[in-house]
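Peer 1: Dumping the structure here so I can ask a few things about it.
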Amino acid sequence: MRSNRPLMRSPNPGRQRALDQYRLRARYYDAELLAFEPIRRQAIALLGLEVGLTVLDVGCGTGLSFELLQQGLGPRGRIVGIEQSPEMLERARKRVSRHGWRNVTFLNAPVEAATIRVGADAALFHFTHDIVRNREAIGNVIRHLKPGARVVAAGATRIRFHQLPCQNTVILD
Ligand SMILES: C[S@@+](CC[C@H](N)C(=O)[O-])C[C@H]1O[C@@H](n2cnc3c(N)ncnc32)[C@H](O)[C@@H]1O
């Protein structure tokens, strides 16, 4: 039987697929990533963080990087987690509240459309292969980096940036 409902198409099917994927993955994501923790450690060490700096955790997921970032930034530093999946973000928020961190803010938005209200000293792209290939997302991050900011991208497969965010970009793959 034919439906009278108009055919609704998602304006961005790729984004919808990613949201669907992380809705399901959120509950076991941390366990899945355990084997890759040495890469995370190396990536965050390469950021060369100092007390008081501001870092963008681009596609922060469940906030698995926060503890190591906090060790570098201290309570006077700032983490801005950008994440489009509400289910992943919910877990990140719980992590922050469990630890009592008061210096983490979240942007629940696609990176390409996020309203970033800070100038950041550093940006981390950890296991965010889709984001780094997205021209608008990279553009939005670049516009919010201070001169001399450091960027580190790490993942399990080859990372191909649409455009390197800055001269201080380190790619670990
Ligand atoms: C593989 S997970 C990595 C999470 C985290 N960076 C980590 O190291 O555990 C990729 C994350 O990027 C998010 N993501 C993918 N595309 C995005 C976009 N365009 N804007 C914001 N978040 C995005 C996904 O929802 C997912 O949480």
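Naming works like this for the structure tokens: A, B, ... for the chains as they're shown, residue 1 at the start of each chain, ligands 1 onward in shown order.
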As JSON, numbers by chain, please: every protein or nucleic acid residue near ligand 1 (cut-off 8 Å, counting only C-alpha atoms and all ligand atoms).
Peer 2: {"A": [15, 18, 19, 22, 26, 29, 30, 33, 40, 57, 58, 59, 60, 61, 62, 63, 64, 65, 82, 83, 84, 85, 88, 89, 108, 109, 110, 111, 112, 124, 125, 126, 127, 128, 129, 130, 131, 134, 137]}
Peer 1: Could you pull the residues within 12 Å of Gly74 (chain A), counting only C-alpha atoms, minus those fewer than 5 positions along the same chain, as a list in words?
Peer 2: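 So, after excluding close chain neighbours, the residues are Leu49, Glu50, Val51, Gly52, Leu53, Thr54, Val55, Phe66, Glu67, Leu68, Leu69, Ile79, Trp101, Arg102, Asn103 and Val104 of chain A.
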Peer 1: Which of chain A counts as strand (DSSP E or B) under DSSP, as a VMD selection string please?
Peer 2: chain A and resid 54 to 58 78 to 83 104 to 108 120 to 126 145 to 154 169 to 172
Peer 1: Skip Gly48 (chain A) itself and residues of its chain fewer than 6 positions away, then list as a ChimeraX atom specification all residues within 9 Å of it, counting only C-alpha atoms.
Peer 2: /A:72,122,150
